[in-house]
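> This is run-v5.cif, which holds mmCIF, C-alpha atoms:
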data_my_file
#
loop_
_atom_site.label_atom_id
_atom_site.label_comp_id
_atom_site.auth_asym_id
_atom_site.auth_seq_id
_atom_site.Cartn_x
_atom_site.Cartn_y
_atom_site.Cartn_z
CA MET S 1457 221.87 -37.00 58.54
CA ASP S 1458 219.00 -36.46 56.15
CA TYR S 1459 216.91 -39.06 57.94
CA LEU S 1460 216.79 -36.75 60.99
CA ARG S 1461 215.05 -34.03 59.01
CA GLU S 1462 211.45 -33.42 60.12
CA LYS S 1463 211.91 -35.64 63.17
CA VAL S 1464 210.02 -34.31 66.19
CA VAL S 1465 212.30 -33.75 69.18
CA VAL S 1466 211.15 -32.75 72.66
CA ILE S 1467 213.76 -30.99 74.81
CA SER S 1468 213.26 -30.44 78.54
CA GLY S 1469 215.01 -27.54 80.21
CA ALA S 1470 215.13 -25.84 76.81
CA SER S 1471 215.24 -22.23 77.95
CA ALA S 1472 218.98 -21.93 78.66
CA GLY S 1473 222.34 -23.67 78.74
CA ILE S 1474 222.62 -27.11 77.14
CA GLY S 1475 218.90 -27.21 76.39
CA ALA S 1476 218.96 -23.94 74.46
CA ALA S 1477 222.07 -25.06 72.57
CA CYS S 1478 220.27 -28.28 71.61
CA VAL S 1479 217.32 -26.26 70.34
CA LYS S 1480 219.55 -24.34 67.93
CA THR S 1481 221.68 -27.32 66.87
CA LEU S 1482 218.76 -29.65 66.20
CA LEU S 1483 216.72 -27.00 64.42
CA THR S 1484 219.69 -26.35 62.15
CA ALA S 1485 219.85 -30.11 61.46
CA GLY S 1486 216.30 -29.91 60.12
CA MET S 1487 214.31 -31.19 63.09
CA ILE S 1488 211.03 -29.95 64.55
CA VAL S 1489 211.67 -28.90 68.14
CA VAL S 1490 209.27 -28.72 71.08
CA GLY S 1491 210.97 -26.89 73.94
CA LEU S 1492 209.72 -27.48 77.49
CA ALA S 1493 210.63 -25.04 80.25
CA ARG S 1494 209.18 -23.24 83.23
CA ARG S 1495 210.58 -20.06 81.65
CA HIS S 1496 209.07 -20.78 78.25
CA GLU S 1497 209.20 -17.07 77.41
CA TYR S 1498 212.98 -17.51 76.97
CA ILE S 1499 212.27 -19.99 74.18
CA LEU S 1500 209.81 -17.55 72.62
CA ASN S 1501 212.52 -14.87 72.67
CA MET S 1502 214.94 -17.34 71.06
CA LYS S 1503 212.34 -17.98 68.38
CA LYS S 1504 212.29 -14.27 67.48
CA ASP S 1505 216.01 -14.36 66.66
CA LEU S 1506 215.72 -17.32 64.29
CA SER S 1507 215.24 -17.20 60.54
CA PRO S 1508 211.62 -17.70 59.41
CA GLU S 1509 212.52 -21.17 58.10
CA LEU S 1510 213.81 -22.30 61.48
CA SER S 1511 211.33 -20.34 63.58
CA LYS S 1512 208.33 -22.16 62.14
CA HIS S 1513 209.76 -25.45 63.43
CA LEU S 1514 210.16 -24.33 67.06
CA PHE S 1515 207.35 -24.64 69.60
CA ALA S 1516 207.49 -23.57 73.25
CA ILE S 1517 205.45 -25.12 76.06
CA ARG S 1518 205.47 -23.94 79.64
CA CYS S 1519 206.22 -27.06 81.64
CA ASP S 1520 207.62 -27.79 85.09
CA VAL S 1521 208.97 -31.33 84.73
CA THR S 1522 208.41 -32.00 88.44
CA GLN S 1523 204.67 -31.75 87.79
CA GLU S 1524 203.49 -35.02 86.27
CA ARG S 1525 200.28 -33.56 84.82
CA GLN S 1526 202.13 -30.73 83.07
CA VAL S 1527 204.49 -33.25 81.45
CA SER S 1528 201.57 -35.42 80.31
CA LYS S 1529 199.80 -32.41 78.80
CA ALA S 1530 202.96 -31.33 76.94
CA PHE S 1531 203.29 -34.76 75.33
CA ASP S 1532 199.55 -34.93 74.63
CA TRP S 1533 199.95 -31.68 72.68
CA THR S 1534 202.98 -33.07 70.82
CA ASN S 1535 201.09 -36.25 69.94
CA ASP S 1536 197.97 -34.40 68.79
CA LYS S 1537 199.61 -31.54 66.89
CA LEU S 1538 202.84 -33.08 65.56
CA GLY S 1539 202.07 -36.79 65.33
CA GLY S 1540 204.19 -37.86 68.28
CA CYS S 1541 207.74 -37.68 69.58
CA ASP S 1542 210.68 -39.21 67.69
CA ILE S 1543 213.43 -37.98 70.02
CA LEU S 1544 213.58 -36.84 73.63
CA ILE S 1545 216.47 -34.83 75.04
CA ASN S 1546 215.98 -35.18 78.80
CA ASN S 1547 218.01 -32.21 79.93
CA ALA S 1548 216.26 -30.43 82.82
CA GLY S 1549 218.36 -30.45 85.97
CA ILE S 1550 219.39 -28.36 88.97
CA ILE S 1551 222.14 -28.31 91.62
CA ALA S 1552 221.64 -27.52 95.30
CA SER S 1553 224.71 -26.26 97.13
CA ALA S 1554 223.80 -26.67 100.79
CA GLN S 1555 225.75 -29.40 102.54
CA LEU S 1556 224.00 -32.75 102.53
CA SER S 1557 224.58 -33.05 106.28
CA GLU S 1558 223.33 -29.52 107.00
CA LYS S 1559 220.13 -28.85 108.93
CA ASN S 1560 217.09 -27.30 107.26
CA ASN S 1561 218.16 -28.40 103.78
CA THR S 1562 215.22 -30.70 103.03
CA GLN S 1563 213.54 -28.54 100.42
CA GLN S 1564 216.74 -28.15 98.38
CA ILE S 1565 217.24 -31.90 98.43
CA ARG S 1566 213.63 -32.60 97.44
CA ASP S 1567 213.76 -30.05 94.62
CA THR S 1568 216.91 -31.65 93.18
CA ILE S 1569 215.51 -35.18 93.37
CA GLU S 1570 212.15 -34.13 91.93
CA THR S 1571 213.75 -32.30 89.00
CA ASN S 1572 216.68 -34.56 88.17
CA ILE S 1573 215.12 -37.98 88.80
CA MET S 1574 211.33 -37.72 88.81
CA GLY S 1575 211.35 -35.18 85.97
CA ALA S 1576 213.32 -37.69 83.92
CA VAL S 1577 210.92 -40.50 84.86
CA PHE S 1578 207.90 -38.44 83.76
CA CYS S 1579 209.42 -37.24 80.47
CA ILE S 1580 210.95 -40.56 79.45
CA ARG S 1581 207.76 -42.46 80.23
CA GLU S 1582 205.65 -40.15 78.07
CA ALA S 1583 208.20 -40.10 75.25
CA PHE S 1584 208.51 -43.89 75.19
CA HIS S 1585 204.78 -44.44 74.94
CA SER S 1586 204.54 -41.83 72.19
CA MET S 1587 207.28 -43.64 70.25
CA ARG S 1588 205.72 -47.02 70.91
CA MET S 1589 202.19 -46.06 69.87
CA LEU S 1590 202.74 -43.43 67.17
CA LYS S 1591 206.24 -44.11 65.79
CA ASN S 1592 206.04 -47.90 65.27
CA GLY S 1593 208.28 -48.50 68.27
CA ASN S 1594 211.14 -46.40 66.91
CA GLY S 1595 212.83 -43.47 68.59
CA HIS S 1596 215.79 -42.22 70.58
CA ILE S 1597 215.98 -40.93 74.15
CA VAL S 1598 219.03 -38.95 75.22
CA ILE S 1599 219.61 -38.36 78.92
CA VAL S 1600 221.90 -35.45 79.71
CA ASN S 1601 223.95 -36.71 82.64
CA SER S 1602 227.32 -35.55 84.06
CA VAL S 1603 230.76 -36.83 84.92
CA ALA S 1604 229.39 -36.50 88.47
CA GLY S 1605 227.22 -39.50 87.61
CA HIS S 1606 230.37 -41.61 87.23
CA GLN S 1607 232.63 -40.22 89.95
CA VAL S 1608 231.85 -37.73 92.68
CA PRO S 1609 234.09 -34.70 92.12
CA ASN S 1610 236.12 -33.60 95.13
CA LEU S 1611 235.79 -29.83 94.93
CA GLY S 1612 237.92 -29.26 98.01
CA PRO S 1613 237.24 -27.10 101.06
CA ASP S 1614 236.98 -23.80 99.18
CA LEU S 1615 233.89 -24.73 97.15
CA PRO S 1616 230.36 -25.55 98.32
CA SER S 1617 229.13 -29.14 98.54
CA LEU S 1618 227.41 -30.66 95.52
CA ASN S 1619 224.77 -31.97 97.91
CA ILE S 1620 222.49 -34.69 96.47
CA TYR S 1621 223.33 -33.75 92.86
CA PRO S 1622 225.90 -36.52 92.16
CA ALA S 1623 223.54 -39.12 93.65
CA THR S 1624 220.81 -38.05 91.21
CA LYS S 1625 223.28 -38.37 88.34
CA PHE S 1626 224.36 -41.84 89.47
CA ALA S 1627 220.64 -42.69 89.43
CA LEU S 1628 220.36 -41.51 85.81
CA LYS S 1629 223.30 -43.75 84.88
CA ALA S 1630 221.48 -46.76 86.35
CA MET S 1631 218.19 -45.72 84.76
CA ASN S 1632 219.85 -45.60 81.34
CA GLU S 1633 220.59 -49.33 81.56
CA ILE S 1634 217.16 -50.14 83.01
CA TYR S 1635 215.48 -48.33 80.12
CA ARG S 1636 217.68 -50.12 77.58
CA GLN S 1637 216.58 -53.46 79.00
CA GLU S 1638 212.91 -52.47 79.21
CA PHE S 1639 212.79 -51.09 75.68
CA GLN S 1640 214.14 -54.41 74.43
CA ARG S 1641 211.74 -56.35 76.65
CA ASN S 1642 208.88 -54.45 75.05
CA LYS S 1643 210.19 -55.40 71.59
CA THR S 1644 210.80 -51.84 70.43
CA GLN S 1645 213.66 -50.24 68.55
CA VAL S 1646 213.85 -47.26 70.90
CA ARG S 1647 217.46 -46.42 71.71
CA VAL S 1648 218.67 -44.71 74.88
CA THR S 1649 221.91 -42.78 75.36
CA THR S 1650 223.42 -40.78 78.18
CA VAL S 1651 225.75 -37.88 77.48
CA SER S 1652 227.95 -37.04 80.46
CA PRO S 1653 229.84 -33.76 80.17
CA GLY S 1654 232.41 -32.34 82.52
CA VAL S 1655 232.06 -28.75 83.68
CA VAL S 1656 229.98 -26.73 81.22
CA ASP S 1657 229.81 -22.93 81.14
CA THR S 1658 226.11 -22.56 82.00
CA ASP S 1659 224.11 -21.00 84.81
CA ILE S 1660 223.22 -24.38 86.37
CA LEU S 1661 226.14 -23.79 88.73
CA PRO S 1662 225.16 -21.82 91.84
CA ILE S 1663 226.62 -18.34 91.70
CA ASP S 1664 228.99 -19.00 94.62
CA ILE S 1665 230.52 -21.89 92.67
CA GLN S 1666 230.58 -19.90 89.40
CA ASN S 1667 232.51 -17.04 90.96
CA ILE S 1668 235.32 -19.35 92.04
CA VAL S 1669 235.35 -21.85 89.20
CA LYS S 1670 234.97 -19.78 86.05
CA PRO S 1671 238.23 -17.79 86.29
CA VAL S 1672 240.43 -20.84 86.89
CA MET S 1673 238.79 -23.96 85.46
CA PRO S 1674 238.51 -24.99 81.79
CA MET S 1675 234.94 -25.48 80.69
CA LEU S 1676 232.99 -26.95 77.81
CA GLN S 1677 230.52 -24.76 75.99
CA ALA S 1678 226.89 -25.82 75.80
CA ALA S 1679 227.25 -26.13 72.01
CA ASP S 1680 229.94 -28.78 72.53
CA VAL S 1681 227.43 -30.95 74.36
CA ALA S 1682 224.75 -30.31 71.74
CA ASP S 1683 227.20 -31.43 69.03
CA ALA S 1684 227.85 -34.68 70.93
CA ILE S 1685 224.11 -35.27 71.19
CA LEU S 1686 223.64 -34.71 67.47
CA TRP S 1687 226.45 -37.18 66.76
CA ALA S 1688 224.73 -39.84 68.90
CA LEU S 1689 221.41 -39.21 67.17
CA SER S 1690 223.01 -39.56 63.75
CA ARG S 1691 224.40 -43.06 64.30
CA PRO S 1692 222.85 -45.88 62.23
CA ALA S 1693 219.73 -47.51 63.65
CA ASN S 1694 221.64 -50.67 64.58
CA VAL S 1695 224.08 -48.76 66.79
CA GLN S 1696 223.29 -48.24 70.49
CA VAL S 1697 225.52 -45.46 71.84
CA HIS S 1698 225.27 -46.24 75.54
CA ASN S 1699 227.19 -43.35 77.06
CA ILE S 1700 229.40 -40.49 75.94
CA ILE S 1701 231.77 -38.77 78.37
CA ILE S 1702 233.22 -35.47 77.20
CA LYS S 1703 235.51 -33.17 79.19
CA PRO S 1704 237.20 -29.88 78.49
CA MET S 1705 240.93 -30.15 77.87
CA GLY S 1706 242.74 -29.70 81.17
CA GLU S 1707 239.84 -30.60 83.47
CA LYS S 1708 241.18 -31.78 86.86
CA PHE S 1709 238.40 -34.24 87.75
#
Turn the structure described in the file into structure tokens.

Amino acid sequence: MDYLREKVVVISGASAGIGAACVKTLLTAGMIVVGLARRHEYILNMKKDLSPELSKHLFAIRCDVTQERQVSKAFDWTNDKLGGCDILINNAGIIASAQLSEKNNTQQIRDTIETNIMGAVFCIREAFHSMRMLKNGNGHIVIVNSVAGHQVPNLGPDLPSLNIYPATKFALKAMNEIYRQEFQRNKTQVRVTTVSPGVVDTDILPIDIQNIVKPVMPMLQAADVADAILWALSRPANVQVHNIIIKPMGEKF
């Protein structure tokens, strides 16, 4: 994986969970990491715990991916200061737990769509143009999806609804193929991969779901997902890893 060394990777939602695990894994693999997060101070705290060799390769930018201008500015900085983006890990995502059919749930639905779908649109668009203009049309975009983007989990009557979340993940699955076709149409060598984990032990789950699920359900660790992402990134340039599904042993879905 020596060819990944010194590659510039932008990670959205980098302050916790899968994003934070990717920060550590990809830094250890020798990459230069730009972490985007609303809570960018969490990334700065992470930076303090790293060795000096790794710490100098981690940069934190406050960025709400639902805000198009903030995303553009983050990539402008990456282009100007680091020579562009080689890899994007599109990871930012949220879950709303109100029922989809419930009244007065509009803001939760909008927030989920804006973060999970439009945030991906903004980040992937900026990353692709950086790769196209500054990286000779080479690069790799990884979309962190979910098994809920392939089949809607039936959580049963004792757990809250997943609301619009699975629909946003189905959208990401479709977008993955659209991007693959568009990147080819534009005669680039930019690859696109989705990684779809089962239940992961992170705080993306609303607390009412966590309290019920964690004691009884097997879970992946965020580092497991980061390892899968690193594996996809390390494949030869002629290999397009379209989607990876990983589940914890014993998962019921």
> Would you mind listing, for every residue of range 1532-1552 of chain S within 9 Å of range 1477-1495 of chain S, the two atoms forming the shortest contact and the distance between them in Å to one decimal, using only C-alpha atoms, sorted by chain and ascending residue number, as a tab-separated table?

residue	atom	partner	partner_atom	distance
S:Thr1534	CA	S:Val1490	CA	7.7
S:Leu1538	CA	S:Ile1488	CA	8.8
S:Ile1545	CA	S:Cys1478	CA	8.3
S:Ala1548	CA	S:Ala1493	CA	8.2
> As an exercise, work out the distance from CA of Gln1677 in chain S to CA of Gly1654 in chain S in Å and give it to one decimal place.
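If I compute the distance from CA of Gln1677 in chain S to CA of Gly1654 in chain S, I get 10.2 Å.
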> So that I can see what lies close to Thr1624 in chain S, please list as a PyMOL selection string the residues with an atom at most 7 Å from it, counting all atoms listed in the file and leaving out residues fewer than 3 positions away in the same chain.
chain S and resi 1569+1572-1573+1620-1621+1627-1628
> So how many Å separate CA of Ile1565 in chain S and CA of Pro1622 in chain S, to one decimal?
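Spanning CA of Ile1565 in chain S to CA of Pro1622 in chain S is a straight-line distance of 11.6 Å.
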> If the PyMOL selection byres ((chain S and resi 1582) around 12) were run on this exact file, what residues would it hold? Put them as a ChimeraX atom specification.
/S:1466,1521,1524-1535,1540-1544,1546,1575-1581,1583-1590,1597
> By how many Å are CA of Thr1650 in chain S and CA of Ile1700 in chain S apart?
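A separation of 6.4 Å between them.
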